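Here is the file work.csv (CSV, C-alpha atoms).
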```csv
chain,number,residue,atom,x,y,z
A,1118,MET,CA,46.3,116.5,55.5
A,1119,GLN,CA,49.9,117.7,55.0
A,1120,THR,CA,51.4,116.4,51.8
A,1121,LYS,CA,54.4,118.7,51.3
A,1122,SER,CA,57.7,117.2,50.2
A,1123,THR,CA,60.4,116.8,52.9
A,1124,THR,CA,64.1,115.9,52.8
A,1125,ARG,CA,63.6,112.7,54.7
A,1126,LEU,CA,61.2,110.2,53.0
A,1127,ASP,CA,59.1,108.9,55.9
A,1128,LEU,CA,57.3,105.8,54.6
A,1129,PRO,CA,54.9,105.4,57.5
A,1130,ALA,CA,53.8,109.0,57.0
A,1131,VAL,CA,53.3,108.3,53.3
A,1132,GLN,CA,51.1,105.3,54.1
A,1133,ARG,CA,49.1,107.5,56.5
A,1134,GLN,CA,48.6,110.0,53.7
A,1135,VAL,CA,47.4,107.3,51.3
A,1136,ASP,CA,45.1,105.9,53.8
A,1137,GLY,CA,43.7,109.4,54.4
A,1138,VAL,CA,42.9,109.9,50.7
A,1139,LEU,CA,41.2,106.5,50.6
A,1140,GLU,CA,39.1,107.2,53.7
A,1141,ASP,CA,38.0,110.6,52.4
A,1142,PHE,CA,37.2,109.2,49.0
A,1143,LEU,CA,35.1,106.3,50.4
A,1144,ALA,CA,33.4,108.5,53.0
A,1145,GLU,CA,32.2,110.7,50.1
A,1146,LYS,CA,31.1,107.7,48.2
A,1147,ALA,CA,29.1,106.6,51.3
A,1148,ARG,CA,27.5,110.0,51.6
A,1149,ALA,CA,26.6,110.2,47.9
A,1150,GLY,CA,25.3,106.6,48.0
A,1151,ALA,CA,23.1,107.3,51.0
A,1152,GLY,CA,21.6,110.4,49.2
A,1153,ARG,CA,20.7,108.2,46.2
A,1154,GLY,CA,19.3,105.3,48.3
A,1155,LEU,CA,22.2,102.9,47.2
A,1156,PRO,CA,23.1,99.9,49.4
A,1157,PRO,CA,25.6,101.1,52.0
A,1158,GLU,CA,27.2,97.7,52.5
A,1159,VAL,CA,29.1,98.0,49.1
A,1160,VAL,CA,31.3,100.9,50.3
A,1161,GLN,CA,31.7,99.3,53.7
A,1162,THR,CA,32.8,96.0,52.1
A,1163,VAL,CA,35.5,97.9,50.1
A,1164,ARG,CA,36.5,99.8,53.2
A,1165,ASP,CA,36.7,96.6,55.3
A,1166,PHE,CA,38.9,95.0,52.6
A,1167,LEU,CA,41.3,97.9,52.5
A,1168,THR,CA,41.6,98.2,56.3
A,1169,ALA,CA,42.1,94.4,56.8
A,1170,GLY,CA,45.8,94.6,56.2
A,1171,GLY,CA,48.1,94.8,53.3
A,1172,LYS,CA,51.5,96.5,53.2
A,1173,ARG,CA,50.5,99.3,50.7
A,1174,ILE,CA,53.8,98.4,48.9
A,1175,ARG,CA,52.4,99.6,45.5
A,1176,ALA,CA,51.3,102.9,47.0
A,1177,LEU,CA,54.6,103.4,48.7
A,1178,LEU,CA,56.5,102.7,45.6
A,1179,CYS,CA,54.4,105.1,43.6
A,1180,VAL,CA,55.3,108.0,46.0
A,1181,VAL,CA,58.9,106.9,46.2
A,1182,GLY,CA,59.0,106.9,42.4
A,1183,TRP,CA,57.8,110.5,42.5
A,1184,TYR,CA,60.7,111.5,44.8
A,1185,ALA,CA,63.2,109.4,42.9
A,1186,ALA,CA,62.3,111.2,39.6
A,1187,GLY,CA,63.0,114.6,41.2
A,1188,GLY,CA,59.5,115.4,42.4
A,1189,HIS,CA,59.4,118.5,44.6
A,1190,GLY,CA,56.8,120.7,46.2
A,1191,ASP,CA,53.3,119.3,46.8
A,1192,VAL,CA,53.2,115.5,46.6
A,1193,ALA,CA,49.4,115.4,46.7
A,1194,SER,CA,48.9,114.3,43.1
A,1195,ALA,CA,51.3,111.3,43.6
A,1196,VAL,CA,49.6,110.4,46.8
A,1197,ARG,CA,46.2,110.3,45.0
A,1198,VAL,CA,47.6,108.1,42.2
A,1199,ALA,CA,49.1,105.9,44.9
A,1200,ALA,CA,45.7,105.6,46.6
A,1201,SER,CA,44.1,104.7,43.3
A,1202,LEU,CA,46.5,101.8,43.1
A,1203,GLU,CA,45.2,100.4,46.4
A,1204,LEU,CA,41.7,100.4,45.0
A,1205,PHE,CA,42.9,98.7,41.9
A,1206,VAL,CA,44.6,96.1,44.1
A,1207,ALA,CA,41.4,95.5,46.0
A,1208,PHE,CA,39.6,94.9,42.7
A,1209,ALA,CA,42.3,92.4,41.5
A,1210,LEU,CA,42.4,90.5,44.8
A,1211,ILE,CA,38.6,90.2,45.2
A,1212,HIS,CA,38.4,88.8,41.6
A,1213,ASP,CA,41.3,86.5,42.2
A,1214,ASP,CA,39.7,85.1,45.3
A,1215,ILE,CA,36.5,84.4,43.3
A,1216,MET,CA,38.4,82.6,40.6
A,1217,ASP,CA,40.3,80.5,43.1
A,1218,ASP,CA,37.4,80.2,45.5
A,1219,SER,CA,39.7,81.2,48.3
A,1220,ALA,CA,38.3,80.9,51.8
A,1221,SER,CA,40.1,83.9,53.3
A,1222,ARG,CA,42.2,87.0,52.5
A,1223,ARG,CA,44.4,88.8,55.1
A,1224,GLY,CA,43.0,86.7,57.9
A,1225,ARG,CA,39.3,87.4,57.1
A,1226,PRO,CA,36.7,85.6,55.0
A,1227,ALA,CA,37.1,86.4,51.3
A,1228,VAL,CA,34.6,88.9,49.9
A,1229,HIS,CA,32.6,86.2,48.0
A,1230,ARG,CA,32.4,84.2,51.1
A,1231,VAL,CA,31.1,87.2,53.0
A,1232,MET,CA,28.5,87.8,50.3
A,1233,ARG,CA,27.5,84.1,50.4
A,1234,ALA,CA,27.0,84.2,54.1
A,1235,ARG,CA,24.9,87.3,53.8
A,1236,LEU,CA,22.5,85.5,51.6
A,1237,GLY,CA,21.9,82.7,54.0
A,1238,ALA,CA,21.2,79.0,53.1
A,1239,GLY,CA,20.0,78.1,49.6
A,1240,GLU,CA,21.0,76.3,46.4
A,1241,ARG,CA,21.9,79.5,44.6
A,1242,THR,CA,23.9,81.3,47.3
A,1243,GLU,CA,27.3,80.2,46.1
A,1244,ARG,CA,26.7,81.6,42.6
A,1245,LEU,CA,25.0,84.7,43.8
A,1246,GLY,CA,27.7,85.4,46.4
A,1247,ALA,CA,30.3,85.2,43.8
A,1248,GLY,CA,28.3,87.5,41.5
A,1249,GLY,CA,27.9,90.0,44.3
A,1250,ALA,CA,31.7,90.0,45.0
A,1251,LEU,CA,32.3,90.3,41.3
A,1252,LEU,CA,30.3,93.5,41.2
A,1253,VAL,CA,32.0,94.9,44.4
A,1254,GLY,CA,35.3,94.3,42.7
A,1255,ASN,CA,34.1,96.0,39.6
A,1256,LEU,CA,33.1,99.1,41.6
A,1257,ALA,CA,36.6,99.1,43.3
A,1258,LEU,CA,38.1,99.2,39.8
A,1259,MET,CA,35.8,102.0,38.7
A,1260,TRP,CA,36.6,104.0,41.8
A,1261,ALA,CA,40.3,103.4,41.3
A,1262,GLN,CA,40.0,105.0,37.8
A,1263,GLU,CA,37.8,107.8,39.1
A,1264,LEU,CA,40.4,108.7,41.7
A,1265,LEU,CA,43.0,108.6,39.0
A,1266,HIS,CA,41.0,110.7,36.5
A,1267,THR,CA,40.3,113.4,39.1
A,1268,THR,CA,43.9,113.8,40.1
A,1269,PRO,CA,45.2,117.3,39.0
A,1270,MET,CA,48.1,117.0,36.6
A,1271,GLU,CA,49.7,118.9,33.8
A,1272,SER,CA,48.2,117.6,30.5
A,1273,GLY,CA,51.4,116.0,29.1
A,1274,ARG,CA,52.0,114.1,32.4
A,1275,ARG,CA,48.4,113.1,32.6
A,1276,ARG,CA,48.6,111.4,29.2
A,1277,LEU,CA,51.7,109.4,30.3
A,1278,VAL,CA,50.2,108.5,33.6
A,1279,HIS,CA,47.0,107.2,32.1
A,1280,GLY,CA,48.9,105.3,29.4
A,1281,LEU,CA,51.0,103.5,32.0
A,1282,TYR,CA,47.9,102.8,34.1
A,1283,ASP,CA,46.1,101.3,31.1
A,1284,ALA,CA,49.1,99.2,30.3
A,1285,MET,CA,49.2,97.9,33.9
A,1286,LEU,CA,45.5,96.9,33.7
A,1287,GLU,CA,46.0,95.0,30.5
A,1288,GLU,CA,49.1,93.2,31.8
A,1289,VAL,CA,47.3,92.0,34.9
A,1290,MET,CA,44.3,90.8,32.9
A,1291,TYR,CA,46.6,88.8,30.6
A,1292,GLY,CA,48.5,87.4,33.5
A,1293,GLN,CA,45.3,86.3,35.2
A,1294,TYR,CA,44.1,84.7,32.0
A,1295,LEU,CA,47.4,82.8,31.7
A,1296,ASP,CA,47.1,81.7,35.3
A,1297,VAL,CA,43.5,80.5,35.0
A,1298,MET,CA,43.8,78.8,31.6
A,1299,GLY,CA,47.2,77.3,32.3
A,1300,THR,CA,46.4,75.6,35.6
A,1301,GLY,CA,47.3,71.9,35.3
A,1302,ARG,CA,49.0,72.3,31.9
A,1303,ASP,CA,52.8,71.9,31.5
A,1304,ALA,CA,53.2,72.2,35.2
A,1305,ASP,CA,57.0,71.6,35.0
A,1306,ASP,CA,57.5,74.5,32.6
A,1307,VAL,CA,59.5,77.0,34.8
A,1308,GLU,CA,59.6,79.7,32.1
A,1309,ALA,CA,55.8,79.5,31.6
A,1310,ALA,CA,55.3,79.9,35.4
A,1311,LEU,CA,57.7,82.9,35.4
A,1312,ARG,CA,55.7,84.4,32.5
A,1313,ILE,CA,52.6,84.3,34.6
A,1314,VAL,CA,54.5,86.0,37.5
A,1315,ARG,CA,55.7,88.8,35.2
A,1316,TYR,CA,52.4,89.7,33.8
A,1317,LYS,CA,50.1,89.0,36.8
A,1318,THR,CA,52.2,90.3,39.6
A,1319,ALA,CA,55.7,91.7,38.8
A,1320,THR,CA,54.8,94.7,36.6
A,1321,ALA,CA,51.8,95.8,38.6
A,1322,THR,CA,53.5,95.4,42.0
A,1323,ILE,CA,56.8,97.2,41.4
A,1324,GLU,CA,57.5,98.5,37.9
A,1325,ARG,CA,54.3,100.3,37.1
A,1326,PRO,CA,53.8,101.9,40.5
A,1327,LEU,CA,57.3,103.3,40.4
A,1328,GLN,CA,56.8,104.5,36.8
A,1329,LEU,CA,53.4,106.1,37.7
A,1330,GLY,CA,54.9,108.1,40.5
A,1331,ALA,CA,57.8,109.1,38.3
A,1332,ALA,CA,55.4,110.1,35.5
A,1333,VAL,CA,53.5,112.4,37.9
A,1334,ALA,CA,56.9,114.1,38.6
A,1335,GLY,CA,57.6,114.5,34.8
A,1336,ALA,CA,60.4,111.8,34.6
A,1337,ASP,CA,62.4,111.3,31.5
A,1338,GLU,CA,62.7,108.1,29.5
A,1339,ALA,CA,66.0,107.1,31.1
A,1340,THR,CA,64.4,107.1,34.6
A,1341,MET,CA,61.5,105.0,33.3
A,1342,GLU,CA,64.0,102.5,32.0
A,1343,VAL,CA,65.8,102.3,35.3
A,1344,PHE,CA,62.5,101.5,37.0
A,1345,THR,CA,61.9,98.7,34.4
A,1346,ARG,CA,65.4,97.2,35.1
A,1347,LEU,CA,64.9,97.1,38.8
A,1348,GLY,CA,61.1,96.7,39.0
A,1349,ARG,CA,60.6,93.5,37.0
A,1350,PRO,CA,63.2,91.4,38.9
A,1351,LEU,CA,62.0,92.8,42.2
A,1352,GLY,CA,58.4,92.1,41.3
A,1353,GLU,CA,59.3,88.5,40.4
A,1354,ALA,CA,61.2,88.1,43.7
A,1355,PHE,CA,58.1,89.4,45.6
A,1356,GLN,CA,55.9,86.8,44.1
A,1357,LEU,CA,58.4,84.0,44.5
A,1358,ARG,CA,58.6,84.9,48.2
A,1359,ASP,CA,54.9,84.9,48.4
A,1360,ASP,CA,54.7,81.4,46.9
A,1361,LEU,CA,57.2,80.1,49.5
A,1362,LEU,CA,55.3,81.7,52.3
A,1363,ASP,CA,52.0,80.2,51.2
A,1364,VAL,CA,53.5,76.7,51.3
A,1365,PHE,CA,56.1,76.9,54.1
A,1366,GLY,CA,55.2,79.9,56.2
A,1367,SER,CA,57.9,82.1,57.7
A,1368,ALA,CA,60.7,81.1,60.0
A,1369,ASP,CA,59.5,83.5,62.7
A,1370,GLY,CA,56.0,82.0,62.7
A,1371,ALA,CA,54.4,85.3,61.7
A,1372,CYS,CA,53.1,83.6,58.6
A,1373,ALA,CA,51.7,80.1,59.0
A,1374,PRO,CA,52.0,77.5,56.2
A,1375,GLY,CA,48.9,77.4,54.1
A,1376,LEU,CA,47.1,74.9,51.9
A,1377,SER,CA,45.4,77.2,49.3
A,1378,ASP,CA,48.1,77.1,46.6
A,1379,LEU,CA,48.5,73.3,47.0
A,1380,ARG,CA,44.7,72.6,46.9
A,1381,GLU,CA,44.3,74.8,43.9
A,1382,GLY,CA,47.3,73.3,42.1
A,1383,LYS,CA,48.5,76.8,41.5
A,1384,ARG,CA,51.1,77.0,38.7
A,1385,THR,CA,54.0,78.4,40.7
A,1386,VAL,CA,57.7,78.5,39.9
A,1387,LEU,CA,58.2,76.5,43.1
A,1388,LEU,CA,56.0,73.6,41.9
A,1389,ALA,CA,57.5,73.8,38.3
A,1390,LEU,CA,61.0,73.4,39.7
A,1391,ALA,CA,60.0,70.5,41.9
A,1392,LEU,CA,58.3,68.7,38.9
A,1393,ARG,CA,61.3,69.4,36.7
A,1394,ASN,CA,63.7,67.9,39.2
A,1395,ALA,CA,61.5,65.1,40.5
A,1396,ASP,CA,62.2,61.4,40.0
A,1397,PRO,CA,59.3,59.2,38.8
A,1398,VAL,CA,58.2,58.4,42.3
A,1399,GLN,CA,58.2,62.1,43.5
A,1400,ARG,CA,56.5,63.2,40.3
A,1401,LYS,CA,53.7,60.6,40.8
A,1402,ARG,CA,53.3,61.8,44.5
A,1403,LEU,CA,53.0,65.4,43.4
A,1404,GLY,CA,50.5,64.5,40.7
A,1405,ARG,CA,48.4,62.6,43.2
A,1406,LEU,CA,48.3,65.2,45.9
A,1407,VAL,CA,48.7,68.7,44.3
A,1408,GLY,CA,45.4,70.1,43.2
A,1409,ARG,CA,43.3,68.0,45.5
A,1410,ALA,CA,40.5,70.2,46.8
A,1411,GLY,CA,40.2,68.3,50.1
A,1412,LEU,CA,44.0,68.2,50.8
A,1413,GLN,CA,44.7,67.9,54.5
A,1414,GLU,CA,47.8,69.0,56.4
A,1415,ARG,CA,49.3,65.5,56.6
A,1416,GLU,CA,49.2,65.3,52.8
A,1417,ALA,CA,50.6,68.9,52.5
A,1418,ALA,CA,53.5,67.8,54.6
A,1419,GLU,CA,54.3,65.1,52.0
A,1420,ILE,CA,54.3,67.7,49.3
A,1421,ARG,CA,56.6,70.0,51.3
A,1422,ALA,CA,59.0,67.1,51.8
A,1423,VAL,CA,59.2,66.6,48.0
A,1424,LEU,CA,59.7,70.3,47.4
A,1425,LEU,CA,62.6,70.1,49.8
A,1426,ALA,CA,64.1,66.9,48.5
A,1427,THR,CA,64.0,68.0,44.9
A,1428,GLY,CA,65.8,71.2,45.8
A,1429,ALA,CA,62.8,73.3,44.6
A,1430,ARG,CA,62.7,75.4,47.7
A,1431,GLN,CA,66.4,76.1,47.7
A,1432,GLU,CA,66.4,77.0,44.0
A,1433,THR,CA,63.5,79.4,44.6
A,1434,GLU,CA,65.4,81.1,47.4
A,1435,GLU,CA,68.4,81.4,45.1
A,1436,MET,CA,66.2,83.0,42.4
A,1437,ILE,CA,65.0,85.5,45.0
A,1438,ALA,CA,68.5,86.3,46.1
A,1439,SER,CA,69.9,86.8,42.6
A,1440,ARG,CA,67.1,89.2,41.7
A,1441,TYR,CA,67.6,91.2,44.9
A,1442,GLU,CA,71.3,91.5,44.2
A,1443,HIS,CA,70.4,92.7,40.7
A,1444,VAL,CA,68.2,95.4,42.1
A,1445,LEU,CA,71.0,96.6,44.4
A,1446,ARG,CA,73.3,96.9,41.4
A,1447,VAL,CA,70.8,98.9,39.5
A,1448,LEU,CA,70.3,101.2,42.4
A,1449,ASP,CA,74.1,101.6,42.9
A,1450,GLY,CA,74.2,103.2,39.4
A,1451,ALA,CA,70.9,105.0,39.3
A,1452,GLY,CA,71.9,108.2,41.1
A,1453,PHE,CA,68.6,108.8,42.8
A,1454,PRO,CA,68.3,111.3,45.6
A,1455,GLN,CA,69.6,109.9,48.8
A,1456,SER,CA,66.2,109.8,50.5
A,1457,ALA,CA,64.6,107.9,47.6
A,1458,ASP,CA,67.5,105.5,47.3
A,1459,ARG,CA,67.3,104.6,50.9
A,1460,ALA,CA,63.5,104.1,50.7
A,1461,LEU,CA,63.9,101.9,47.6
A,1462,ARG,CA,66.4,99.7,49.4
A,1463,ARG,CA,64.1,99.3,52.4
A,1464,LEU,CA,61.2,98.4,50.2
A,1465,ALA,CA,63.4,95.9,48.3
A,1466,VAL,CA,64.1,94.2,51.6
A,1467,ARG,CA,60.4,94.3,52.4
A,1468,ALA,CA,59.4,92.8,49.1
A,1469,THR,CA,61.9,89.9,49.1
A,1470,ARG,CA,62.1,89.0,52.8
A,1471,TYR,CA,58.7,89.9,54.3
A,1472,THR,CA,57.2,87.4,56.8
A,1473,SER,CA,53.5,87.9,56.5
```
Transcribe the structure of this file into structure tokens.
Amino acid sequence: MQTKSTTRLDLPAVQRQVDGVLEDFLAEKARAGAGRGLPPEVVQTVRDFLTAGGKRIRALLCVVGWYAAGGHGDVASAVRVAASLELFVAFALIHDDIMDDSASRRGRPAVHRVMRARLGAGERTERLGAGGALLVGNLALMWAQELLHTTPMESGRRRLVHGLYDAMLEEVMYGQYLDVMGTGRDADDVEAALRIVRYKTATATIERPLQLGAAVAGADEATMEVFTRLGRPLGEAFQLRDDLLDVFGSADGACAPGLSDLREGKRTVLLALALRNADPVQRKRLGRLVGRAGLQEREAAEIRAVLLATGARQETEEMIASRYEHVLRVLDGAGFPQSADRALRRLAVRATRYTS
């Protein structure tokens, strides 16, 4: 696999490089597991999850961060760290689906549902299926860290990369904790909802991947600060867009409206804005419908009508737009190499306006 730096930053080629590292790593895990008599379906489950879709945005940002920080020569180490991020994302999403009891992920049954179906009928299958998926997610995290730890780096850069990675893990865990423990409490608190977004999604989606790639390249503190100033608002915008897509779908029809966030009563900024702006009748309607496990499309349409009438959808769109404009202003003054600047601008569009 060719991993030499080029003048033009070809994002599809970067994605292919990351996918190649993941496939080689999992193929070796499968061979080693077969030699030890370990169950082959574990590696296959992780492989299936990784190949089911996903935009590899974290991996792409990691490699772009390497270029932006002046990385030159062989980009292989940055690509391996980027691939590690994709295994970390698999862990986080598998566990998230267990906690939310989500039926599907990326158009396929969620891993805990796959495990449950594998066990057949029985009183304990739900619990055991969730337990099996929990362990698969744990292995994905262990493999993410193994891929990271075996990446060749100069010792000073290695310490910085590992410190950033550890900080990312901690932030995501705290964000998930806030999300789980805060569901149904102070649902109209917009700042509390944004706090969950920052810890659970924003830093791990944009800021830390950029900083990790930059650290592999030996970036200075000023570059790291630039990635914080653009990464946090872009990460927030990414999650705000995701929340809108889950409820309303996309205008082009590529992403259909969903019910999962509404059935779960997910503590989103969108819902917090609606509750903050709602009159007593609208608030009562949201309280009656949001979080109902058996919510049907007709009732979801009622919720969407309230989200529109209260201006919550429009306010969320404005929050996304203001964060995107902030990112562009940061990039205007960053002085990154032209190829990295262009790639970051393309990824900013992808993060804030994606359709599925």
Leaving out Ala1438 in chain A and any residue of its chain fewer than 2 positions from it, which residues lie within 12 Å of it when counting only C-alpha atoms, given as a PDB file with C-alpha atoms, in the coordinates of the input?
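Saved the output as selection25.pdb:
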```
ATOM      1  CA  PRO A1350      63.200  91.400  38.900  1.00  0.00           C
ATOM      2  CA  LEU A1351      62.000  92.800  42.200  1.00  0.00           C
ATOM      3  CA  GLU A1353      59.300  88.500  40.400  1.00  0.00           C
ATOM      4  CA  ALA A1354      61.200  88.100  43.700  1.00  0.00           C
ATOM      5  CA  PHE A1355      58.100  89.400  45.600  1.00  0.00           C
ATOM      6  CA  LEU A1357      58.400  84.000  44.500  1.00  0.00           C
ATOM      7  CA  ARG A1358      58.600  84.900  48.200  1.00  0.00           C
ATOM      8  CA  GLN A1431      66.400  76.100  47.700  1.00  0.00           C
ATOM      9  CA  GLU A1432      66.400  77.000  44.000  1.00  0.00           C
ATOM     10  CA  THR A1433      63.500  79.400  44.600  1.00  0.00           C
ATOM     11  CA  GLU A1434      65.400  81.100  47.400  1.00  0.00           C
ATOM     12  CA  GLU A1435      68.400  81.400  45.100  1.00  0.00           C
ATOM     13  CA  MET A1436      66.200  83.000  42.400  1.00  0.00           C
ATOM     14  CA  ARG A1440      67.100  89.200  41.700  1.00  0.00           C
ATOM     15  CA  TYR A1441      67.600  91.200  44.900  1.00  0.00           C
ATOM     16  CA  GLU A1442      71.300  91.500  44.200  1.00  0.00           C
ATOM     17  CA  HIS A1443      70.400  92.700  40.700  1.00  0.00           C
ATOM     18  CA  VAL A1444      68.200  95.400  42.100  1.00  0.00           C
ATOM     19  CA  LEU A1445      71.000  96.600  44.400  1.00  0.00           C
ATOM     20  CA  ALA A1465      63.400  95.900  48.300  1.00  0.00           C
ATOM     21  CA  VAL A1466      64.100  94.200  51.600  1.00  0.00           C
ATOM     22  CA  ALA A1468      59.400  92.800  49.100  1.00  0.00           C
ATOM     23  CA  THR A1469      61.900  89.900  49.100  1.00  0.00           C
ATOM     24  CA  ARG A1470      62.100  89.000  52.800  1.00  0.00           C
TER      25      ARG A1470
END
```
Considering all atoms listed in the file, state which residue in the set A:Leu1286, A:Phe1365, A:His1229, A:Asn1255 is at the smallest distance from Glu1243 in chain A.
->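 Selected residue with least distance to Glu1243 in chain A: A:His1229.
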Which of A:Val1135, A:Val1228, A:Leu1392, A:Ala1149 sits closest to Val1307 in chain A [using all atoms listed in the file] |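 Answer, going by the shortest atom-to-atom distance: A:Leu1392.
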Would you list the contacts of Leu1126 in chain A as a list in words, taking every protein, DNA or RNA residue within 10 Å and counting all atoms listed in the file, but skipping same-chain residues closer than 6 positions in sequence?
-> Val1180, Val1181, Tyr1184, Gln1455, Ser1456, Ala1457, Asp1458, Arg1459 and Ala1460 of chain A
Please, what distance in Å, to one decimal, runs between CA of Gly1237 in chain A and CA of Leu1252 in chain A?
->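 We find that CA of Gly1237 in chain A and CA of Leu1252 in chain A lie 18.7 Å from each other.
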From the list A:His1212, A:Arg1233, A:Arg1380, A:Arg1400, which residue is nearest Leu1256 in chain A when using all atoms listed in the file?
->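 Once distances to Leu1256 in chain A are computed over all atoms listed in the file, the minimum belongs to A:His1212.
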Point-to-point distance in Å for CA of Ser1377 in chain A and CA of Leu1245 in chain A = 22.4 Å
From the set A:Asp1378, A:Asp1305, A:Asp1283, A:Glu1271, which residue has the shortest atom-to-atom contact distance to Asp1217 in chain A, counting only C-alpha atoms?
->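 Smallest separation from Asp1217 in chain A among the options: A:Asp1378.
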Residues around (62.8, 95.5, 40.3), cut-off 7 Å, counting all atoms listed in the file - what are they as a PDB file with C-alpha atoms, in the coordinates of the input?
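Full text of selection.pdb as output:
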```pdb
ATOM      1  CA  ILE A1323      56.800  97.200  41.400  1.00  0.00           C
ATOM      2  CA  GLU A1324      57.500  98.500  37.900  1.00  0.00           C
ATOM      3  CA  PHE A1344      62.500 101.500  37.000  1.00  0.00           C
ATOM      4  CA  THR A1345      61.900  98.700  34.400  1.00  0.00           C
ATOM      5  CA  ARG A1346      65.400  97.200  35.100  1.00  0.00           C
ATOM      6  CA  LEU A1347      64.900  97.100  38.800  1.00  0.00           C
ATOM      7  CA  GLY A1348      61.100  96.700  39.000  1.00  0.00           C
ATOM      8  CA  ARG A1349      60.600  93.500  37.000  1.00  0.00           C
ATOM      9  CA  PRO A1350      63.200  91.400  38.900  1.00  0.00           C
ATOM     10  CA  LEU A1351      62.000  92.800  42.200  1.00  0.00           C
ATOM     11  CA  GLY A1352      58.400  92.100  41.300  1.00  0.00           C
ATOM     12  CA  VAL A1444      68.200  95.400  42.100  1.00  0.00           C
TER      13      VAL A1444
END
```
Around the point (28.4, 100.5, 48.2), in the coordinates given by the file, pick out the residues reaching within 10 Å, counting all atoms listed in the file, and return them as an MDAnalysis selection string.
-> chainID A and resid 1143 1146:1147 1149:1151 1155:1164 1253 1256:1257
Kindly give the distance, in Å, that separates CA of Asp1213 in chain A and CA of Arg1241 in chain A, rounded to a single decimal.
-> 20.8 Å
Would you kindly return, as a ChimeraX atom specification, each protein, DNA or RNA residue with an atom no farther than 12 Å from any atom of Ala1336 in chain A, considering only C-alpha atoms and excluding same-chain residues fewer than 2 positions away?
-> /A:1182-1188,1273-1274,1277-1278,1327-1334,1338-1344,1453
Rank A:Leu1167, A:Leu1258, A:Ala1284, A:Leu1202 by their smallest atom-to-atom distance to Arg1222 in chain A, using all atoms listed in the file, and report the top residue only.
->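 Checking each candidate against Arg1222 in chain A, we get A:Leu1167 as the closest.
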Please identify all polymer residues within 8 Å of Ile1215 in chain A, counting only C-alpha atoms, omitting same-chain residues fewer than 3 positions from it, and present them as a list of chain:residue names.
->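 That gives A:Ile1211, A:His1212, A:Asp1218, A:Ser1219, A:His1229, A:Ala1247, A:Ala1250, A:Leu1251.
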For those residues, write C-alpha atoms to a file as a compact mmCIF listing (two decimals), keeping the file's coordinate frame.
```txt
# COMPACT_ATOMS: atom_id res chain seq x y z
CA ILE A 1211 38.60 90.20 45.20
CA HIS A 1212 38.40 88.80 41.60
CA ASP A 1218 37.40 80.20 45.50
CA SER A 1219 39.70 81.20 48.30
CA HIS A 1229 32.60 86.20 48.00
CA ALA A 1247 30.30 85.20 43.80
CA ALA A 1250 31.70 90.00 45.00
CA LEU A 1251 32.30 90.30 41.30
```
Pick from A:Gly1224, A:Gly1450, A:Gly1239, A:Gly1382: nearest to Gly1404 in chain A, with all atoms listed in the file counted?
->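 Residue with the minimum atom-to-atom distance to Gly1404 in chain A: A:Gly1382.
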Enclose range 1328-1347 of chain A, meaning all of its atoms listed in the file, in a box aligned along x, y and z, pad it by 5 Å on each side, and list the centre and edge lengths in Å to one decimal, as JSON.
```
{"center_x": 59.7, "center_y": 105.8, "center_z": 35.0, "size_x": 22.6, "size_y": 27.4, "size_z": 21.0}
```
Name all residues at most 12 Å from Gly1299 in chain A (count only C-alpha atoms; drop same-chain ones fewer than 2 positions away) and give them as a list in words.
-> Tyr1291, Gly1292, Gln1293, Tyr1294, Leu1295, Asp1296, Val1297, Gly1301, Arg1302, Asp1303, Ala1304, Asp1305, Asp1306, Ala1309, Ala1310, Arg1312, Ile1313, Gly1382, Lys1383, Arg1384 and Thr1385 of chain A
What would range 1365-1373 of chain A look like with N, CA and C atoms in place, written as a PDB file, keeping the file's coordinate frame?
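Output below, filename selection_17.pdb:
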```pdb
ATOM      1  N   PHE A1365      55.248  77.176  52.928  1.00  0.00           N
ATOM      2  CA  PHE A1365      56.100  76.900  54.100  1.00  0.00           C
ATOM      3  C   PHE A1365      55.930  77.769  55.266  1.00  0.00           C
ATOM      4  N   GLY A1366      55.255  78.904  55.091  1.00  0.00           N
ATOM      5  CA  GLY A1366      55.200  79.900  56.200  1.00  0.00           C
ATOM      6  C   GLY A1366      56.520  80.575  56.333  1.00  0.00           C
ATOM      7  N   SER A1367      56.651  81.346  57.402  1.00  0.00           N
ATOM      8  CA  SER A1367      57.900  82.100  57.700  1.00  0.00           C
ATOM      9  C   SER A1367      58.610  81.507  58.868  1.00  0.00           C
ATOM     10  N   ALA A1368      59.928  81.688  58.898  1.00  0.00           N
ATOM     11  CA  ALA A1368      60.700  81.100  60.000  1.00  0.00           C
ATOM     12  C   ALA A1368      60.353  81.649  61.343  1.00  0.00           C
ATOM     13  N   ASP A1369      59.883  82.910  61.389  1.00  0.00           N
ATOM     14  CA  ASP A1369      59.500  83.500  62.700  1.00  0.00           C
ATOM     15  C   ASP A1369      58.127  83.152  63.139  1.00  0.00           C
ATOM     16  N   GLY A1370      57.388  82.406  62.317  1.00  0.00           N
ATOM     17  CA  GLY A1370      56.000  82.000  62.700  1.00  0.00           C
ATOM     18  C   GLY A1370      54.970  83.047  62.460  1.00  0.00           C
ATOM     19  N   ALA A1371      55.363  84.231  61.975  1.00  0.00           N
ATOM     20  CA  ALA A1371      54.400  85.300  61.700  1.00  0.00           C
ATOM     21  C   ALA A1371      53.430  84.911  60.608  1.00  0.00           C
ATOM     22  N   CYS A1372      53.918  84.113  59.668  1.00  0.00           N
ATOM     23  CA  CYS A1372      53.100  83.600  58.600  1.00  0.00           C
ATOM     24  C   CYS A1372      53.053  82.114  58.625  1.00  0.00           C
ATOM     25  N   ALA A1373      51.869  81.554  58.844  1.00  0.00           N
ATOM     26  CA  ALA A1373      51.700  80.100  59.000  1.00  0.00           C
ATOM     27  C   ALA A1373      51.682  79.443  57.601  1.00  0.00           C
TER      28      ALA A1373
END
```
